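> Input structure: model21.cif, which contains mmCIF, C-alpha atoms.
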```cif
data_final
#
loop_
_atom_site.group_PDB
_atom_site.id
_atom_site.type_symbol
_atom_site.label_atom_id
_atom_site.label_comp_id
_atom_site.auth_asym_id
_atom_site.auth_seq_id
_atom_site.Cartn_x
_atom_site.Cartn_y
_atom_site.Cartn_z
ATOM 1 C CA MET A 1 9.408 -12.925 8.717
ATOM 2 C CA THR A 2 12.122 -10.350 9.290
ATOM 3 C CA HIS A 3 12.416 -7.831 6.488
ATOM 4 C CA ARG A 4 16.030 -7.568 5.293
ATOM 5 C CA ILE A 5 17.344 -4.094 4.479
ATOM 6 C CA ALA A 6 20.669 -3.819 2.660
ATOM 7 C CA VAL A 7 22.211 -0.389 3.328
ATOM 8 C CA LEU A 8 24.725 0.430 0.598
ATOM 9 C CA ALA A 9 27.633 2.568 1.816
ATOM 10 C CA LEU A 10 29.648 4.194 -0.960
ATOM 11 C CA GLU A 11 32.590 6.581 -0.783
ATOM 12 C CA THR A 12 32.049 9.149 0.777
ATOM 13 C CA SER A 13 28.868 8.285 2.691
ATOM 14 C CA ILE A 14 27.007 11.062 4.457
ATOM 15 C CA ALA A 15 27.353 10.066 8.100
ATOM 16 C CA PHE A 16 23.978 11.459 9.185
ATOM 17 C CA ASP A 17 22.077 9.650 6.423
ATOM 18 C CA LEU A 18 23.812 6.364 7.172
ATOM 19 C CA GLY A 19 23.011 6.765 10.852
ATOM 20 C CA THR A 20 19.408 7.727 10.108
ATOM 21 C CA ALA A 21 18.703 4.542 8.168
ATOM 22 C CA THR A 22 20.267 2.231 10.708
ATOM 23 C CA HIS A 23 18.844 4.016 13.751
ATOM 24 C CA ILE A 24 15.234 4.433 12.613
ATOM 25 C CA PHE A 25 14.800 0.886 11.321
ATOM 26 C CA GLY A 26 16.979 -0.396 14.158
ATOM 27 C CA GLN A 27 14.205 0.484 16.616
ATOM 28 C CA LEU A 28 12.290 -2.542 15.310
ATOM 29 C CA PRO A 29 14.863 -5.378 15.408
ATOM 30 C CA GLU A 30 12.170 -8.059 15.284
ATOM 31 C CA ASP A 31 10.813 -6.612 12.056
ATOM 32 C CA TYR A 32 13.919 -5.371 10.218
ATOM 33 C CA GLU A 33 17.349 -6.930 9.780
ATOM 34 C CA LEU A 34 19.929 -4.326 8.776
ATOM 35 C CA LEU A 35 22.860 -5.364 6.589
ATOM 36 C CA VAL A 36 25.361 -2.578 5.901
ATOM 37 C CA CYS A 37 27.459 -3.365 2.829
ATOM 38 C CA SER A 38 30.070 -1.873 0.529
ATOM 39 C CA PRO A 39 31.921 -2.994 -2.620
ATOM 40 C CA GLY A 40 34.087 -5.898 -1.493
ATOM 41 C CA GLY A 41 33.090 -5.227 2.111
ATOM 42 C CA ALA A 42 35.828 -2.581 2.176
ATOM 43 C CA LYS A 43 36.082 0.273 4.653
ATOM 44 C CA VAL A 44 34.235 3.385 3.533
ATOM 45 C CA ALA A 45 35.054 6.973 4.434
ATOM 46 C CA THR A 46 32.200 9.123 5.690
ATOM 47 C CA SER A 47 31.531 12.824 5.757
ATOM 48 C CA GLY A 48 31.983 12.787 9.530
ATOM 49 C CA GLY A 49 35.737 12.374 9.410
ATOM 50 C CA PHE A 50 35.695 8.675 10.271
ATOM 51 C CA SER A 51 35.451 5.449 8.294
ATOM 52 C CA ILE A 52 33.117 2.497 8.740
ATOM 53 C CA ALA A 53 33.884 -1.168 8.199
ATOM 54 C CA PRO A 54 30.705 -2.842 6.853
ATOM 55 C CA ASP A 55 30.127 -6.481 7.727
ATOM 56 C CA HIS A 56 28.951 -7.371 4.230
ATOM 57 C CA ASP A 57 29.809 -7.042 0.556
ATOM 58 C CA LEU A 58 27.441 -6.400 -2.346
ATOM 59 C CA ASP A 59 26.127 -9.982 -2.367
ATOM 60 C CA VAL A 60 23.568 -9.112 0.314
ATOM 61 C CA ILE A 61 21.871 -6.686 -2.078
ATOM 62 C CA ARG A 62 20.698 -9.430 -4.405
ATOM 63 C CA ASP A 63 18.390 -11.148 -1.901
ATOM 64 C CA ALA A 64 17.439 -8.158 0.249
ATOM 65 C CA ASP A 65 13.807 -7.125 0.628
ATOM 66 C CA THR A 66 14.744 -3.436 0.595
ATOM 67 C CA VAL A 67 17.883 -1.724 -0.701
ATOM 68 C CA LEU A 68 18.648 1.678 0.824
ATOM 69 C CA VAL A 69 21.303 4.078 -0.479
ATOM 70 C CA PRO A 70 22.196 6.886 1.965
ATOM 71 C CA GLY A 71 23.512 10.215 0.757
ATOM 72 C CA THR A 72 26.967 10.031 -0.748
ATOM 73 C CA ARG A 73 29.680 12.020 -2.473
ATOM 74 C CA TYR A 74 30.526 8.976 -4.626
ATOM 75 C CA PRO A 75 32.283 10.797 -7.495
ATOM 76 C CA LEU A 76 31.295 8.535 -10.404
ATOM 77 C CA ALA A 77 27.597 9.065 -9.708
ATOM 78 C CA ARG A 78 27.756 12.680 -8.523
ATOM 79 C CA ARG A 79 30.000 13.983 -11.323
ATOM 80 C CA GLU A 80 29.604 11.574 -14.220
ATOM 81 C CA GLY A 81 26.228 9.918 -13.683
ATOM 82 C CA ARG A 82 27.602 6.386 -13.786
ATOM 83 C CA LEU A 83 28.551 3.524 -11.460
ATOM 84 C CA GLU A 84 31.337 1.018 -11.230
ATOM 85 C CA PRO A 85 30.231 -2.291 -12.816
ATOM 86 C CA ALA A 86 29.884 -4.244 -9.565
ATOM 87 C CA VAL A 87 27.611 -1.630 -7.996
ATOM 88 C CA LEU A 88 25.548 -1.289 -11.182
ATOM 89 C CA ASP A 89 25.122 -5.057 -11.431
ATOM 90 C CA ALA A 90 24.078 -5.379 -7.792
ATOM 91 C CA LEU A 91 21.427 -2.660 -8.053
ATOM 92 C CA THR A 92 19.978 -3.811 -11.373
ATOM 93 C CA THR A 93 19.789 -7.521 -10.526
ATOM 94 C CA THR A 94 18.492 -7.306 -6.970
ATOM 95 C CA LYS A 95 15.297 -9.140 -6.079
ATOM 96 C CA ALA A 96 14.358 -6.373 -3.640
ATOM 97 C CA ARG A 97 10.744 -5.272 -3.797
ATOM 98 C CA ARG A 98 11.675 -1.771 -2.640
ATOM 99 C CA ILE A 99 14.646 0.489 -3.391
ATOM 100 C CA MET A 100 15.173 3.718 -1.440
ATOM 101 C CA SER A 101 17.585 6.616 -1.367
ATOM 102 C CA ILE A 102 18.215 9.386 1.113
ATOM 103 C CA CYS A 103 19.464 12.783 -0.056
ATOM 104 C CA THR A 104 22.153 12.472 -2.756
ATOM 105 C CA GLY A 105 21.794 8.702 -2.752
ATOM 106 C CA ALA A 106 19.333 9.505 -5.566
ATOM 107 C CA PHE A 107 22.353 10.087 -7.819
ATOM 108 C CA VAL A 108 23.246 6.407 -7.380
ATOM 109 C CA LEU A 109 19.733 5.272 -8.278
ATOM 110 C CA GLY A 110 19.725 7.687 -11.202
ATOM 111 C CA ALA A 111 23.055 6.360 -12.464
ATOM 112 C CA ALA A 112 21.651 2.823 -12.285
ATOM 113 C CA GLY A 113 18.735 3.880 -14.514
ATOM 114 C CA LEU A 114 16.236 3.068 -11.764
ATOM 115 C CA LEU A 115 14.633 6.517 -11.808
ATOM 116 C CA ASP A 116 14.153 7.014 -15.555
ATOM 117 C CA GLY A 117 10.605 8.167 -16.238
ATOM 118 C CA ARG A 118 9.803 8.240 -12.521
ATOM 119 C CA PRO A 119 9.179 11.046 -10.037
ATOM 120 C CA ALA A 120 12.034 11.514 -7.558
ATOM 121 C CA THR A 121 13.692 14.061 -5.320
ATOM 122 C CA THR A 122 17.055 14.823 -3.735
ATOM 123 C CA HIS A 123 18.627 17.573 -1.625
ATOM 124 C CA TRP A 124 17.537 20.991 -2.891
ATOM 125 C CA SER A 125 21.144 22.136 -3.352
ATOM 126 C CA ALA A 126 21.843 19.239 -5.730
ATOM 127 C CA THR A 127 18.777 19.477 -7.944
ATOM 128 C CA GLU A 128 20.454 21.475 -10.706
ATOM 129 C CA ALA A 129 23.324 18.999 -11.048
ATOM 130 C CA PHE A 130 20.905 16.084 -10.802
ATOM 131 C CA GLY A 131 18.735 17.502 -13.576
ATOM 132 C CA ARG A 132 21.727 17.858 -15.900
ATOM 133 C CA LEU A 133 22.911 14.296 -15.321
ATOM 134 C CA PHE A 134 19.505 12.603 -15.355
ATOM 135 C CA PRO A 135 17.106 14.528 -17.607
ATOM 136 C CA GLU A 136 14.772 11.528 -17.920
ATOM 137 C CA VAL A 137 13.878 11.698 -14.218
ATOM 138 C CA ARG A 138 10.790 13.694 -13.223
ATOM 139 C CA LEU A 139 12.484 15.654 -10.464
ATOM 140 C CA SER A 140 10.303 17.127 -7.696
ATOM 141 C CA PRO A 141 12.570 19.592 -5.867
ATOM 142 C CA ASP A 142 9.946 20.928 -3.455
ATOM 143 C CA VAL A 143 8.972 17.764 -1.542
ATOM 144 C CA LEU A 144 10.423 15.971 1.480
ATOM 145 C CA PHE A 145 10.134 12.546 -0.134
ATOM 146 C CA VAL A 146 8.598 10.747 -3.096
ATOM 147 C CA ASP A 147 6.939 7.340 -2.831
ATOM 148 C CA ASP A 148 6.613 5.820 -6.299
ATOM 149 C CA GLY A 149 5.663 2.377 -5.072
ATOM 150 C CA ASP A 150 8.765 0.217 -5.379
ATOM 151 C CA VAL A 151 11.204 3.146 -5.608
ATOM 152 C CA LEU A 152 11.324 5.883 -2.966
ATOM 153 C CA THR A 153 13.584 8.934 -2.691
ATOM 154 C CA SER A 154 13.957 11.648 -0.074
ATOM 155 C CA ALA A 155 15.299 15.150 0.171
ATOM 156 C CA GLY A 156 18.360 15.947 2.257
ATOM 157 C CA VAL A 157 19.437 15.052 5.768
ATOM 158 C CA ALA A 158 16.414 15.101 8.121
ATOM 159 C CA ALA A 159 14.040 14.266 5.256
ATOM 160 C CA GLY A 160 15.567 10.796 5.421
ATOM 161 C CA ILE A 161 13.873 10.459 8.809
ATOM 162 C CA ASP A 162 10.548 11.383 7.220
ATOM 163 C CA LEU A 163 11.026 8.746 4.531
ATOM 164 C CA CYS A 164 12.046 5.976 6.951
ATOM 165 C CA LEU A 165 9.048 6.712 9.179
ATOM 166 C CA HIS A 166 6.812 6.701 6.100
ATOM 167 C CA VAL A 167 8.091 3.238 5.178
ATOM 168 C CA ILE A 168 7.489 1.943 8.713
ATOM 169 C CA ARG A 169 3.996 3.455 8.603
ATOM 170 C CA SER A 170 3.345 1.704 5.284
ATOM 171 C CA ASP A 171 4.673 -1.615 6.605
ATOM 172 C CA HIS A 172 3.239 -1.631 10.127
ATOM 173 C CA GLY A 173 0.737 1.210 10.508
ATOM 174 C CA SER A 174 0.672 4.615 12.148
ATOM 175 C CA ASP A 175 0.804 3.385 15.737
ATOM 176 C CA VAL A 176 4.172 1.708 15.225
ATOM 177 C CA ALA A 177 5.594 4.628 13.227
ATOM 178 C CA ASN A 178 4.408 7.106 15.859
ATOM 179 C CA ARG A 179 6.025 5.037 18.603
ATOM 180 C CA VAL A 180 9.353 5.025 16.769
ATOM 181 C CA ALA A 181 9.060 8.770 16.164
ATOM 182 C CA ARG A 182 8.422 9.430 19.849
ATOM 183 C CA TYR A 183 11.419 7.340 20.864
ATOM 184 C CA CYS A 184 13.629 9.219 18.396
ATOM 185 C CA VAL A 185 12.142 12.554 19.563
ATOM 186 C CA VAL A 186 11.110 13.595 16.050
ATOM 187 C CA PRO A 187 7.702 14.486 14.587
ATOM 188 C CA ALA A 188 5.857 11.530 13.095
ATOM 189 C CA TRP A 189 4.991 13.675 10.100
ATOM 190 C CA ARG A 190 6.004 17.153 8.968
ATOM 191 C CA GLN A 191 3.868 19.444 6.874
ATOM 192 C CA GLY A 192 5.250 21.274 3.871
ATOM 193 C CA GLY A 193 8.154 20.518 1.590
ATOM 194 C CA GLN A 194 11.862 21.129 1.471
ATOM 195 C CA SER A 195 11.399 24.493 -0.211
ATOM 196 C CA GLN A 196 10.831 25.993 3.240
ATOM 197 C CA PHE A 197 14.431 25.079 4.111
ATOM 198 C CA VAL A 198 16.082 26.443 0.983
ATOM 199 C CA ASP A 199 18.686 29.105 1.724
ATOM 200 C CA ARG A 200 17.800 32.014 -0.548
ATOM 201 C CA PRO A 201 18.871 35.473 0.616
ATOM 202 C CA VAL A 202 17.944 36.574 -2.898
ATOM 203 C CA PRO A 203 15.274 34.993 -5.081
ATOM 204 C CA SER A 204 16.588 31.620 -6.268
ATOM 205 C CA TYR A 205 14.016 30.927 -8.948
ATOM 206 C CA PRO A 206 14.204 32.411 -12.441
ATOM 207 C CA ASP A 207 11.455 34.805 -13.439
ATOM 208 C CA THR A 208 10.097 32.145 -15.778
ATOM 209 C CA SER A 209 9.524 29.557 -13.011
ATOM 210 C CA THR A 210 6.234 28.771 -11.263
ATOM 211 C CA ALA A 211 8.007 27.296 -8.222
ATOM 212 C CA LEU A 212 7.289 30.264 -5.953
ATOM 213 C CA ALA A 213 3.587 29.939 -6.716
ATOM 214 C CA ARG A 214 3.696 26.262 -5.752
ATOM 215 C CA GLU A 215 5.498 27.131 -2.533
ATOM 216 C CA TRP A 216 2.881 29.792 -1.779
ATOM 217 C CA ALA A 217 0.048 27.354 -2.471
ATOM 218 C CA LEU A 218 1.504 24.591 -0.293
ATOM 219 C CA GLU A 219 1.354 26.920 2.688
ATOM 220 C CA ARG A 220 -2.348 27.602 2.018
ATOM 221 C CA LEU A 221 -3.829 24.277 0.919
ATOM 222 C CA GLN A 222 -6.652 24.647 3.432
ATOM 223 C CA GLU A 223 -7.751 27.919 1.790
ATOM 224 C CA PRO A 224 -9.702 28.458 -1.456
ATOM 225 C CA LEU A 225 -7.075 28.899 -4.185
ATOM 226 C CA ASP A 226 -7.789 29.997 -7.721
ATOM 227 C CA LEU A 227 -5.646 30.081 -10.820
ATOM 228 C CA ALA A 228 -5.476 33.871 -10.988
ATOM 229 C CA ALA A 229 -4.159 34.103 -7.413
ATOM 230 C CA MET A 230 -1.438 31.551 -8.104
ATOM 231 C CA ALA A 231 -0.426 33.251 -11.343
ATOM 232 C CA GLY A 232 -0.303 36.575 -9.516
ATOM 233 C CA GLN A 233 2.364 35.276 -7.149
ATOM 234 C CA VAL A 234 4.822 35.092 -10.050
ATOM 235 C CA ARG A 235 3.408 38.043 -12.012
ATOM 236 C CA MET A 236 2.242 35.998 -14.987
ATOM 237 C CA SER A 237 -0.940 35.965 -16.979
ATOM 238 C CA VAL A 238 -3.143 32.953 -16.329
ATOM 239 C CA ARG A 239 -2.442 31.632 -19.821
ATOM 240 C CA THR A 240 1.353 31.896 -19.487
ATOM 241 C CA PHE A 241 1.288 30.517 -15.952
ATOM 242 C CA THR A 242 -0.781 27.490 -16.979
ATOM 243 C CA ARG A 243 1.547 26.693 -19.875
ATOM 244 C CA ARG A 244 4.732 27.004 -17.807
ATOM 245 C CA PHE A 245 3.219 25.180 -14.849
ATOM 246 C CA ARG A 246 2.423 22.166 -17.016
ATOM 247 C CA ALA A 247 5.894 22.245 -18.567
ATOM 248 C CA GLU A 248 7.533 22.198 -15.112
ATOM 249 C CA THR A 249 5.276 19.713 -13.302
ATOM 250 C CA GLY A 250 3.686 17.620 -16.032
ATOM 251 C CA MET A 251 0.165 18.528 -14.875
ATOM 252 C CA SER A 252 -2.244 21.435 -14.757
ATOM 253 C CA PRO A 253 -2.398 23.708 -11.689
ATOM 254 C CA GLY A 254 -5.773 22.217 -10.764
ATOM 255 C CA GLN A 255 -4.480 18.644 -10.981
ATOM 256 C CA TRP A 256 -1.423 19.563 -8.922
ATOM 257 C CA LEU A 257 -3.532 21.228 -6.212
ATOM 258 C CA THR A 258 -5.796 18.198 -5.978
ATOM 259 C CA GLN A 259 -2.774 15.907 -5.705
ATOM 260 C CA GLN A 260 -1.252 17.987 -2.904
ATOM 261 C CA ARG A 261 -4.547 18.109 -1.028
ATOM 262 C CA VAL A 262 -5.007 14.360 -1.325
ATOM 263 C CA GLU A 263 -1.504 13.836 0.072
ATOM 264 C CA ARG A 264 -2.272 16.206 2.960
ATOM 265 C CA ALA A 265 -5.502 14.334 3.687
ATOM 266 C CA ARG A 266 -3.756 10.958 3.602
ATOM 267 C CA HIS A 267 -1.128 12.117 6.066
ATOM 268 C CA LEU A 268 -3.782 13.488 8.411
ATOM 269 C CA LEU A 269 -5.788 10.271 8.206
ATOM 270 C CA GLU A 270 -2.675 8.232 8.962
ATOM 271 C CA SER A 271 -1.201 10.331 11.728
ATOM 272 C CA THR A 272 -4.122 11.959 13.558
ATOM 273 C CA ASP A 273 -7.522 11.117 15.022
ATOM 274 C CA LEU A 274 -9.180 14.204 13.532
ATOM 275 C CA PRO A 275 -12.798 13.672 12.415
ATOM 276 C CA ILE A 276 -13.245 13.272 8.668
ATOM 277 C CA ASP A 277 -14.834 16.725 8.311
ATOM 278 C CA GLN A 278 -11.816 18.342 10.002
ATOM 279 C CA VAL A 279 -9.405 16.391 7.802
ATOM 280 C CA ALA A 280 -11.332 17.669 4.799
ATOM 281 C CA ASN A 281 -11.168 21.228 6.086
ATOM 282 C CA HIS A 282 -7.422 21.124 6.877
ATOM 283 C CA SER A 283 -6.595 19.637 3.485
ATOM 284 C CA GLY A 284 -8.661 22.108 1.481
ATOM 285 C CA PHE A 285 -11.608 19.931 0.392
ATOM 286 C CA GLY A 286 -14.053 21.805 2.590
ATOM 287 C CA THR A 287 -16.508 19.020 3.381
ATOM 288 C CA GLY A 288 -16.290 15.369 4.268
ATOM 289 C CA ALA A 289 -18.409 14.551 1.229
ATOM 290 C CA ALA A 290 -15.917 16.256 -1.099
ATOM 291 C CA LEU A 291 -13.026 14.403 0.549
ATOM 292 C CA ARG A 292 -14.816 11.062 0.224
ATOM 293 C CA GLN A 293 -15.476 11.702 -3.444
ATOM 294 C CA GLN A 294 -11.882 12.706 -4.135
ATOM 295 C CA LEU A 295 -10.298 9.780 -2.278
ATOM 296 C CA ALA A 296 -12.623 7.346 -4.002
ATOM 297 C CA ALA A 297 -11.593 8.767 -7.377
ATOM 298 C CA THR A 298 -7.885 8.895 -6.526
ATOM 299 C CA ILE A 299 -7.139 5.773 -4.477
ATOM 300 C CA GLY A 300 -10.407 3.890 -4.595
ATOM 301 C CA VAL A 301 -11.318 3.879 -0.895
ATOM 302 C CA SER A 302 -13.200 6.028 1.588
ATOM 303 C CA PRO A 303 -11.373 8.111 4.237
ATOM 304 C CA THR A 304 -12.599 5.768 6.980
ATOM 305 C CA ALA A 305 -11.430 2.666 5.136
ATOM 306 C CA TYR A 306 -8.067 4.273 4.407
ATOM 307 C CA ARG A 307 -7.551 5.157 8.086
ATOM 308 C CA GLN A 308 -8.601 1.687 9.238
ATOM 309 C CA THR A 309 -6.141 0.064 6.849
ATOM 310 C CA PHE A 310 -3.236 1.938 8.386
ATOM 311 C CA ARG A 311 -4.425 1.471 11.950
ATOM 312 C CA THR A 312 -4.698 -2.310 11.498
ATOM 313 C CA ALA A 313 -1.741 -2.896 9.156
#
```
Render the structure in this file as C-alpha cells.

Amino acid sequence: MTHRIAVLALETSIAFDLGTATHIFGQLPEDYELLVCSPGGAKVATSGGFSIAPDHDLDVIRDADTVLVPGTRYPLARREGRLEPAVLDALTTTKARRIMSICTGAFVLGAAGLLDGRPATTHWSATEAFGRLFPEVRLSPDVLFVDDGDVLTSAGVAAGIDLCLHVIRSDHGSDVANRVARYCVVPAWRQGGQSQFVDRPVPSYPDTSTALAREWALERLQEPLDLAAMAGQVRMSVRTFTRRFRAETGMSPGQWLTQQRVERARHLLESTDLPIDQVANHSGFGTGAALRQQLAATIGVSPTAYRQTFRTA
C-alpha cells in the first residue's frame, strides 16, 4: 500500500526544506503519496519570495502514515513556543505512526509537546532559542538527524536530505535509498555531525562546555580514545570533564563513545559492502568480534543479520 505523507506548510515555510521533502520522497511515487497541506488549505508564504497554494487542509494529517514539518519561521512556535489551536489539534490527534521535522520544523513539534523527554535536534543556529522554549527536550545540537523511533528530527537545510534518505532506507532498504541518492546527486550517507558546519570565527562554546571534546572525538572514532585525551581537549580534569559531560549529554563519556561508534557501524553496514572486520576498524571497535558483541548488546542482532535486514527490507 502507498504510504501517505502529509507535509505541513506553515507561514513562513523554508522553501528548500519544503522542496527537499517533496522531491526526495517524490522519487518513489509508487511507495509514497505526498499531500501538502496548510491551515484551511490557504496559501503560504515561503522564504524563497514566493507563495505556495497547497491542495489540502489539515484534515489530511489525521489519517496520514507520516507527518512531516519542514523548516519554518512560524512566529507562534519560533517566538512563543505555542501553536494555533487547529494546528495543535491536528498534530496531537493524528494517527500517523511517524512524525518528522526538518530544521526549525522542530519548533512546531516542540510546541505540540511531541518532543518532551525525547532526544531531538534542529539547525545549529537555533539551538539556543530552542533550548529556552523547550527545556524538557533532550537537544542534540551536534548531529545531522535524530531517529527516536516514531519521532524524527533533522538539523538544518541539507540535513533534511540525510533524514529523508534515512527514512527511505528504513522503509525499503539501502539499495533503494542509494538509488534515490544517486538520482538526486547527493551522498547516500554523510559522516560527522552538523558541528562541522557551524560558523565560528571565534570559539562558540563556553569554557565550561564539553562540546569541543565531542566534536574532536567524532572526527577520530576509528582511533583509540581515552578519557584523559578527551578532557585535555577542553582543558579540564578528568573528574570535572566527566561530571560536565554527563550533565550535558545524559551519559558518561564511555557510553557516549560506544553509542557514536555503534551508529557509525550501523551506517557502514547499511550503506557499504565493507567486510565486517573493516566496519569494526572504521567504527573504532577494532575487531569483528568486538563489533559483534557490541551490536548484540545494543540492538540484539549480529552485524551480518543487521546488514541482511536492510538489504532485503
> For this file, the PyMOL selection byres ((chain A and resi 92) around 10) selects which residues, as a list in words?
Ile61, Arg62, Val87, Leu88, Asp89, Ala90, Leu91, Thr93, Thr94, Lys95, Ala96, Leu109, Ala112, Gly113 and Leu114 of chain A
> Taking C-alpha atoms for each residue, export the selection above as a CSV table (one decimal), keeping the file's coordinate frame.

```csv
chain,number,residue,atom,x,y,z
A,61,ILE,CA,21.9,-6.7,-2.1
A,62,ARG,CA,20.7,-9.4,-4.4
A,87,VAL,CA,27.6,-1.6,-8.0
A,88,LEU,CA,25.5,-1.3,-11.2
A,89,ASP,CA,25.1,-5.1,-11.4
A,90,ALA,CA,24.1,-5.4,-7.8
A,91,LEU,CA,21.4,-2.7,-8.1
A,93,THR,CA,19.8,-7.5,-10.5
A,94,THR,CA,18.5,-7.3,-7.0
A,95,LYS,CA,15.3,-9.1,-6.1
A,96,ALA,CA,14.4,-6.4,-3.6
A,109,LEU,CA,19.7,5.3,-8.3
A,112,ALA,CA,21.7,2.8,-12.3
A,113,GLY,CA,18.7,3.9,-14.5
A,114,LEU,CA,16.2,3.1,-11.8
```
> Could you work out how far atom CA of A:Ala188 lies from atom CA of A:Glu33, giving the answer in Å with one decimal?
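Here the two named atoms are 22.0 Å from each other.
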> If the box runs along x, y and z of the file and leaves 5 Å on each side of stretch 17-23 of chain A, what are its centre and edge lengths in Å, one decimal, as AutoDock Vina command-line options?

```
--center_x 21.3 --center_y 5.9 --center_z 10.1 --size_x 15.1 --size_y 17.4 --size_z 17.3
```
> Dig up all the protein and nucleic acid residues within 9 Å of (25.3, 11.9, -5.1) in the file frame, using only C-alpha atoms, and format them as a ChimeraX atom specification.
/A:71-79,81,103-108,122,126,130
> What does the PyMOL selection byres ((chain A and resi 7) around 7) select in this file, as a PyMOL selection string?
chain A and resi 5-6+8-9+35-37+67-69
> Run the PyMOL selection byres ((chain A and resi 17) around 7) mentally over the shown coordinates, then write out the matched residues as an mmCIF file with C-alpha atoms, keeping the file's coordinate frame, using the chain letters and numbers from the document.

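Writing done, so here's out23.cif:
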```cif
data_model
loop_
_atom_site.group_PDB
_atom_site.id
_atom_site.type_symbol
_atom_site.label_atom_id
_atom_site.label_comp_id
_atom_site.auth_asym_id
_atom_site.auth_seq_id
_atom_site.Cartn_x
_atom_site.Cartn_y
_atom_site.Cartn_z
ATOM 1 C CA ILE A 14 27.007 11.062 4.457
ATOM 2 C CA ALA A 15 27.353 10.066 8.100
ATOM 3 C CA PHE A 16 23.978 11.459 9.185
ATOM 4 C CA LEU A 18 23.812 6.364 7.172
ATOM 5 C CA GLY A 19 23.011 6.765 10.852
ATOM 6 C CA THR A 20 19.408 7.727 10.108
ATOM 7 C CA ALA A 21 18.703 4.542 8.168
ATOM 8 C CA PRO A 70 22.196 6.886 1.965
ATOM 9 C CA GLY A 71 23.512 10.215 0.757
ATOM 10 C CA ILE A 102 18.215 9.386 1.113
ATOM 11 C CA VAL A 157 19.437 15.052 5.768
ATOM 12 C CA GLY A 160 15.567 10.796 5.421
#
```
> Out of A:Ser125, A:Gln260, A:Gln27, A:Thr210, which residue has the shortest atom-to-atom distance to A:Ala247 when counting all atoms listed in the file?
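Smallest separation from A:Ala247 among the options: A:Thr210.
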> For A:Arg98, which residue out of A:Val146, A:Ala86, A:Leu152, A:Leu269 is the nearest one, using only C-alpha atoms?
A:Leu152
> For A:Ala289, work out the shell of residues within 9 Å, counting only C-alpha atoms and skipping chain neighbours fewer than 5 positions away, then give it as a PyMOL selection string.
chain A and resi 277+280+294
